[in-house]
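K.L.:
The following file, protein-v3.pdb, comprises PDB, C-alpha atoms:
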MODEL        1
ATOM      1  CA  MET A  19       0.000   0.000   0.000
ATOM      2  CA  LYS A  20       1.344   3.398  -0.963
ATOM      3  CA  LEU A  21       1.597   6.221   1.551
ATOM      4  CA  GLN A  22      -0.465   9.242   0.673
ATOM      5  CA  TYR A  23       0.196  12.892   1.493
ATOM      6  CA  LEU A  24       3.710  12.852   0.015
ATOM      7  CA  PHE A  25       5.028  15.566  -2.292
ATOM      8  CA  PRO A  26       6.516  14.719  -5.701
ATOM      9  CA  ASN A  27      10.237  13.892  -5.715
ATOM     10  CA  ARG A  28      11.329  17.213  -7.283
ATOM     11  CA  PHE A  29      10.202  19.136  -4.177
ATOM     12  CA  LYS A  30      12.896  17.431  -2.114
ATOM     13  CA  LYS A  31      15.675  19.370  -3.835
ATOM     14  CA  ILE A  32      13.801  22.670  -3.429
ATOM     15  CA  GLY A  33      13.348  21.799   0.250
ATOM     16  CA  TRP A  34      17.087  21.262   0.764
ATOM     17  CA  ILE A  35      17.921  24.542  -0.991
ATOM     18  CA  ILE A  36      15.681  26.436   1.446
ATOM     19  CA  LEU A  37      16.349  24.310   4.548
ATOM     20  CA  ILE A  38      20.127  24.629   4.774
ATOM     21  CA  PRO A  39      20.290  28.462   4.747
ATOM     22  CA  SER A  40      17.225  28.571   7.036
ATOM     23  CA  VAL A  41      18.961  26.412   9.648
ATOM     24  CA  VAL A  42      22.091  28.592   9.441
ATOM     25  CA  LEU A  43      19.949  31.735   9.753
ATOM     26  CA  GLY A  44      17.991  30.169  12.627
ATOM     27  CA  VAL A  45      21.142  29.372  14.598
ATOM     28  CA  TYR A  46      22.466  32.881  13.918
ATOM     29  CA  TRP A  47      19.168  34.351  15.129
ATOM     30  CA  LEU A  48      19.306  32.323  18.360
ATOM     31  CA  ILE A  49      22.816  33.589  19.111
ATOM     32  CA  GLU A  50      22.638  37.230  17.995
ATOM     33  CA  HIS A  51      18.907  38.082  17.831
ATOM     34  CA  PRO A  52      19.431  40.358  14.807
ATOM     35  CA  GLU A  53      16.573  42.735  13.922
ATOM     36  CA  PRO A  54      17.049  44.162  10.408
ATOM     37  CA  ASP A  55      15.124  47.440   9.969
ATOM     38  CA  PHE A  56      13.319  46.465   6.778
ATOM     39  CA  LEU A  57      11.476  43.734   8.696
ATOM     40  CA  ASP A  58      10.149  46.072  11.396
ATOM     41  CA  VAL A  59       6.355  46.136  11.459
ATOM     42  CA  THR A  60       3.516  47.299  13.649
ATOM     43  CA  ILE A  61       1.348  44.458  14.863
ATOM     44  CA  PRO A  62      -2.384  45.195  14.537
ATOM     45  CA  PRO A  63      -4.131  45.332  17.946
ATOM     46  CA  PHE A  64      -6.408  42.322  17.373
ATOM     47  CA  LEU A  65      -3.328  40.044  17.172
ATOM     48  CA  ILE A  66      -2.017  41.162  20.553
ATOM     49  CA  GLU A  67      -3.381  39.472  23.616
ATOM     50  CA  GLU A  68      -2.518  42.118  26.138
ATOM     51  CA  SER A  69      -0.803  45.417  25.605
ATOM     52  CA  PHE A  70      -0.505  48.835  27.151
ATOM     53  CA  LEU A  71      -0.596  50.314  23.702
ATOM     54  CA  ASN A  72      -3.016  49.781  20.867
ATOM     55  CA  SER A  73      -0.237  48.524  18.686
ATOM     56  CA  ALA A  74       3.210  47.070  19.177
ATOM     57  CA  LYS A  75       6.404  47.051  17.207
ATOM     58  CA  ASP A  76       7.846  43.749  16.146
ATOM     59  CA  ASN A  77      10.612  42.501  13.935
ATOM     60  CA  LEU A  78       9.463  39.835  11.488
ATOM     61  CA  LEU A  79      12.793  38.038  11.092
ATOM     62  CA  ASN A  80      11.978  35.261  13.563
ATOM     63  CA  GLU A  81       8.559  34.738  11.935
ATOM     64  CA  VAL A  82      10.158  34.497   8.495
ATOM     65  CA  ILE A  83      12.818  32.036   9.704
ATOM     66  CA  GLY A  84      10.205  29.937  11.491
ATOM     67  CA  LEU A  85       7.986  29.661   8.427
ATOM     68  CA  LEU A  86      10.923  28.895   6.120
ATOM     69  CA  LEU A  87      12.084  26.154   8.488
ATOM     70  CA  ILE A  88       8.631  24.578   8.653
ATOM     71  CA  ILE A  89       7.991  24.688   4.909
ATOM     72  CA  SER A  90      11.448  23.485   3.891
ATOM     73  CA  SER A  91      11.676  20.682   6.449
ATOM     74  CA  PHE A  92       8.249  19.435   5.354
ATOM     75  CA  LEU A  93       9.409  19.405   1.726
ATOM     76  CA  VAL A  94      12.598  17.508   2.572
ATOM     77  CA  ALA A  95      10.901  15.108   4.985
ATOM     78  CA  PHE A  96       7.786  14.345   2.970
ATOM     79  CA  SER A  97       8.814  14.371  -0.668
ATOM     80  CA  LYS A  98       8.827  10.979  -2.334
ATOM     81  CA  GLU A  99      12.108   9.214  -3.022
ATOM     82  CA  LYS A 100      12.902   8.588  -6.695
ATOM     83  CA  LEU A 101      11.463   5.130  -6.283
ATOM     84  CA  GLU A 102       9.139   5.282  -3.287
ATOM     85  CA  ASP A 103       8.290   1.621  -2.727
ATOM     86  CA  GLU A 104       6.759  -0.171   0.262
ATOM     87  CA  PHE A 105      10.101  -0.851   1.964
ATOM     88  CA  ILE A 106      10.951   2.855   1.871
ATOM     89  CA  ASN A 107       7.444   3.571   3.224
ATOM     90  CA  LYS A 108       8.260   1.292   6.149
ATOM     91  CA  ILE A 109      11.595   3.006   6.815
ATOM     92  CA  ARG A 110       9.777   6.348   6.620
ATOM     93  CA  LEU A 111       7.225   5.338   9.244
ATOM     94  CA  ASP A 112       9.843   3.699  11.496
ATOM     95  CA  SER A 113      11.938   6.857  11.320
ATOM     96  CA  LEU A 114       8.968   9.059  12.184
ATOM     97  CA  VAL A 115       8.245   6.993  15.313
ATOM     98  CA  TRP A 116      11.951   7.001  16.203
ATOM     99  CA  ALA A 117      12.177  10.792  15.749
ATOM    100  CA  THR A 118       9.102  11.325  17.943
ATOM    101  CA  TYR A 119      10.584   9.268  20.784
ATOM    102  CA  PHE A 120      13.974  10.944  20.431
ATOM    103  CA  ASN A 121      12.563  14.475  20.243
ATOM    104  CA  TYR A 122      10.357  14.129  23.310
ATOM    105  CA  THR A 123      13.034  12.311  25.317
ATOM    106  CA  ILE A 124      15.283  15.315  24.809
ATOM    107  CA  LEU A 125      12.424  17.663  25.681
ATOM    108  CA  ALA A 126      11.643  15.693  28.853
ATOM    109  CA  LEU A 127      15.303  15.813  29.920
ATOM    110  CA  SER A 128      15.357  19.558  29.198
ATOM    111  CA  ILE A 129      12.265  20.049  31.373
ATOM    112  CA  ILE A 130      14.078  18.349  34.250
ATOM    113  CA  PHE A 131      17.530  19.862  33.851
ATOM    114  CA  ILE A 132      17.220  23.245  32.114
ATOM    115  CA  TYR A 133      15.518  26.332  33.507
ATOM    116  CA  ASN A 134      14.654  29.963  32.723
ATOM    117  CA  SER A 135      15.897  31.480  29.471
ATOM    118  CA  GLY A 136      17.825  28.339  28.597
ATOM    119  CA  PHE A 137      14.590  26.414  28.587
ATOM    120  CA  LEU A 138      12.917  29.058  26.419
ATOM    121  CA  ASN A 139      15.658  28.547  23.842
ATOM    122  CA  ILE A 140      15.164  24.782  24.015
ATOM    123  CA  MET A 141      11.435  25.270  23.448
ATOM    124  CA  ALA A 142      12.088  27.464  20.431
ATOM    125  CA  ILE A 143      14.458  24.882  18.955
ATOM    126  CA  ASN A 144      12.160  22.009  19.850
ATOM    127  CA  LEU A 145       9.436  23.445  17.609
ATOM    128  CA  PHE A 146      11.468  22.317  14.611
ATOM    129  CA  THR A 147      13.626  19.428  15.774
ATOM    130  CA  ILE A 148      11.152  16.565  15.380
ATOM    131  CA  LEU A 149      11.263  16.925  11.587
ATOM    132  CA  ILE A 150      15.023  17.532  11.608
ATOM    133  CA  PHE A 151      15.600  14.339  13.627
ATOM    134  CA  PHE A 152      13.290  12.505  11.235
ATOM    135  CA  ILE A 153      15.219  13.774   8.191
ATOM    136  CA  ILE A 154      18.574  12.746   9.696
ATOM    137  CA  ARG A 155      17.416   9.287  10.759
ATOM    138  CA  PHE A 156      15.475   8.539   7.542
ATOM    139  CA  ASN A 157      18.328   9.549   5.261
ATOM    140  CA  TRP A 158      20.892   7.712   7.393
ATOM    141  CA  VAL A 159      18.916   4.464   7.142
ATOM    142  CA  LEU A 160      18.443   4.967   3.385
ATOM    143  CA  TYR A 161      22.175   5.615   2.997
ATOM    144  CA  LYS A 162      23.076   2.450   4.923
ATOM    145  CA  MET A 163      20.549   0.480   2.880
ATOM    146  CA  LYS A 164      21.925   1.717  -0.432
ATOM    147  CA  ARG A 165      25.457   0.750   0.562
ATOM    148  CA  SER A 166      24.494  -2.791   1.525
TER     149      SER A 166
ATOM    150  CA  MET B   7       9.174 -15.861   7.083
ATOM    151  CA  LYS B   8      11.808 -17.295   4.808
ATOM    152  CA  ASN B   9      11.963 -17.296   1.042
ATOM    153  CA  THR B  10      13.697 -18.902  -1.891
ATOM    154  CA  ILE B  11      14.150 -15.767  -3.964
ATOM    155  CA  ARG B  12      17.940 -16.075  -4.156
ATOM    156  CA  VAL B  13      17.689 -19.653  -5.459
ATOM    157  CA  ASP B  14      14.835 -18.805  -7.814
ATOM    158  CA  ARG B  15      16.842 -15.908  -9.196
ATOM    159  CA  ALA B  16      19.792 -18.185  -9.800
ATOM    160  CA  ILE B  17      17.574 -20.678 -11.647
ATOM    161  CA  LYS B  18      16.076 -17.926 -13.815
ATOM    162  CA  ASN B  19      19.478 -16.269 -14.051
ATOM    163  CA  ILE B  20      18.304 -12.764 -13.184
ATOM    164  CA  THR B  21      19.968 -10.191 -10.935
ATOM    165  CA  GLN B  22      18.451  -8.417  -7.940
ATOM    166  CA  ALA B  23      18.265  -5.271 -10.051
ATOM    167  CA  LYS B  24      16.399  -7.048 -12.847
ATOM    168  CA  LEU B  25      13.898  -8.617 -10.450
ATOM    169  CA  ALA B  26      13.432  -5.222  -8.773
ATOM    170  CA  GLU B  27      12.663  -3.672 -12.141
ATOM    171  CA  LEU B  28      10.170  -6.410 -13.019
ATOM    172  CA  VAL B  29       8.174  -5.901  -9.801
ATOM    173  CA  GLN B  30       8.672  -2.087  -9.668
ATOM    174  CA  VAL B  31      10.598  -1.769  -6.416
ATOM    175  CA  SER B  32      14.178  -0.721  -5.631
ATOM    176  CA  ARG B  33      17.041  -3.212  -5.666
ATOM    177  CA  GLN B  34      17.542  -2.565  -1.952
ATOM    178  CA  THR B  35      14.023  -3.812  -1.284
ATOM    179  CA  ILE B  36      14.749  -7.134  -3.010
ATOM    180  CA  ASN B  37      18.026  -7.377  -1.092
ATOM    181  CA  ALA B  38      16.254  -6.716   2.239
ATOM    182  CA  ILE B  39      13.641  -9.373   1.435
ATOM    183  CA  GLU B  40      16.328 -11.946   0.503
ATOM    184  CA  LEU B  41      18.146 -11.244   3.760
ATOM    185  CA  GLY B  42      14.909 -11.658   5.726
ATOM    186  CA  LYS B  43      15.071  -8.061   6.942
ATOM    187  CA  TYR B  44      11.815  -7.065   5.301
ATOM    188  CA  ILE B  45       8.532  -8.944   4.901
ATOM    189  CA  PRO B  46       6.927  -7.899   1.607
ATOM    190  CA  SER B  47       3.257  -6.997   1.273
ATOM    191  CA  THR B  48       0.929  -9.645  -0.163
ATOM    192  CA  VAL B  49       0.805  -7.751  -3.455
ATOM    193  CA  LEU B  50       4.593  -7.684  -3.773
ATOM    194  CA  ALA B  51       4.902 -11.362  -2.758
ATOM    195  CA  LEU B  52       2.380 -12.299  -5.448
ATOM    196  CA  LYS B  53       4.237 -10.240  -8.055
ATOM    197  CA  ILE B  54       7.565 -11.879  -7.167
ATOM    198  CA  ALA B  55       6.018 -15.358  -7.354
ATOM    199  CA  GLN B  56       4.543 -14.441 -10.726
ATOM    200  CA  VAL B  57       7.979 -13.558 -12.095
ATOM    201  CA  PHE B  58       9.225 -17.038 -11.115
ATOM    202  CA  GLU B  59       6.004 -18.637 -12.419
ATOM    203  CA  LYS B  60       5.411 -20.238  -9.036
ATOM    204  CA  LYS B  61       2.743 -20.185  -6.375
ATOM    205  CA  VAL B  62       3.415 -17.642  -3.642
ATOM    206  CA  ASP B  63       3.869 -20.305  -0.937
ATOM    207  CA  ASP B  64       6.492 -22.060  -3.043
ATOM    208  CA  VAL B  65       8.577 -18.889  -2.800
ATOM    209  CA  PHE B  66       7.646 -17.743   0.733
ATOM    210  CA  GLN B  67       7.293 -20.063   3.734
ATOM    211  CA  LEU B  68       6.387 -19.534   7.371
ATOM    212  CA  GLU B  69       9.032 -20.298   9.980
ATOM    213  CA  GLU B  70       8.693 -21.710  13.517
ATOM    214  CA  LYS B  71       9.071 -18.264  15.064
ATOM    215  CA  ASP B  72       6.173 -16.878  12.983
ATOM    216  CA  LEU B  73       3.844 -19.378  14.605
ATOM    217  CA  SER B  74       4.661 -18.730  18.251
TER     218      SER B  74
ENDMDL
END
For the structure just supplied, provide its representation as structure tokens.
P.N.:
Amino acid sequence: MKLQYLFPNRFKKIGWIILIPSVVLGVYWLIEHPEPDFLDVTIPPFLIEESFLNSAKDNLLNEVIGLLLIISSFLVAFSKEKLEDEFINKIRLDSLVWATYFNYTILALSIIFIYNSGFLNIMAINLFTILIFFIIRFNWVLYKMKRS
Amino acid sequence: MKNTIRVDRAIKNITQAKLAELVQVSRQTINAIELGKYIPSTVLALKIAQVFEKKVDDVFQLEEKDLS
């Protein structure tokens, strides 16, 4: 039985082209918190839960990076292989379960051992890591399989 | 589950790659099945048996551990 909800193979390459710079930019953002002027915006009041003002300034860089990371990691993770057969489907599902366990084990350990702003950073990273862990594990297993 | 694919291939004189092409899967999938690392779906098992012009249970057999 073929898995549904997968993108065509050509989207995988596009995904990689966006994902790699997005990860680099994401790491840079976490370290330096850059706020380029051209991405400064005023957030409309209805999007702000609680504010002393009717509007608030925000820099969109983190939003842009977040969206790029989500879109590109979906494309890389869920584009078909050149020959997406049932064995690859199985490896895909195994890897997704593995990545879920791995991701939440790390999150659980972080909850126990990391506090305050450190934990906020972990939460921000954790938003994206489940798919990253999946991509690493899935491609590693495929690589080992192709060599055998 | 064990299988006789390797022997059947030798009799028919076809490679893993050729068999893979005939049943529309990757060569790695055939390799994993031969090594007993992957149990094929019923559809794929039937297709493989068809290539060897055999019944599916002449190519694939249950083992003791499948029954426990």
K.L.:
What is the distance between CA of Thr48 in chain B and CA of Gln34 in chain B, in Å to one decimal?
P.N.:
18.1 Å
K.L.:
Give me, as a VMD selection string, the residues of chain A touching chain B, with the criterion being at most 9 Å (counting only C-alpha atoms).
P.N.:
chain A and resid 19 101 to 106 163 to 166
K.L.:
Edge lengths and centre in Å to one decimal, as JSON, of the axis-aligned box that encloses all listed atoms of range 48-51 of chain B with 4 Å added on every side?
P.N.:
{"center_x": 2.9, "center_y": -9.5, "center_z": -2.0, "size_x": 12.1, "size_y": 11.7, "size_z": 11.6}
K.L.:
Residues at most 10 Å from Phe156 in chain A, counting all atoms listed in the file, excluding those fewer than 5 positions away in the same chain, as number ranges by chain?
P.N.:
A: 95, 106, 109-114, 116-117, 150-151, 161
K.L.:
Evaluating the PyMOL selection byres ((chain B and resi 8) around 10) on the displayed file yields which residues, as JSON, numbers by chain?
P.N.:
{"B": [7, 9, 10, 11, 39, 40, 41, 42, 45, 65, 66, 67, 68, 69, 72]}
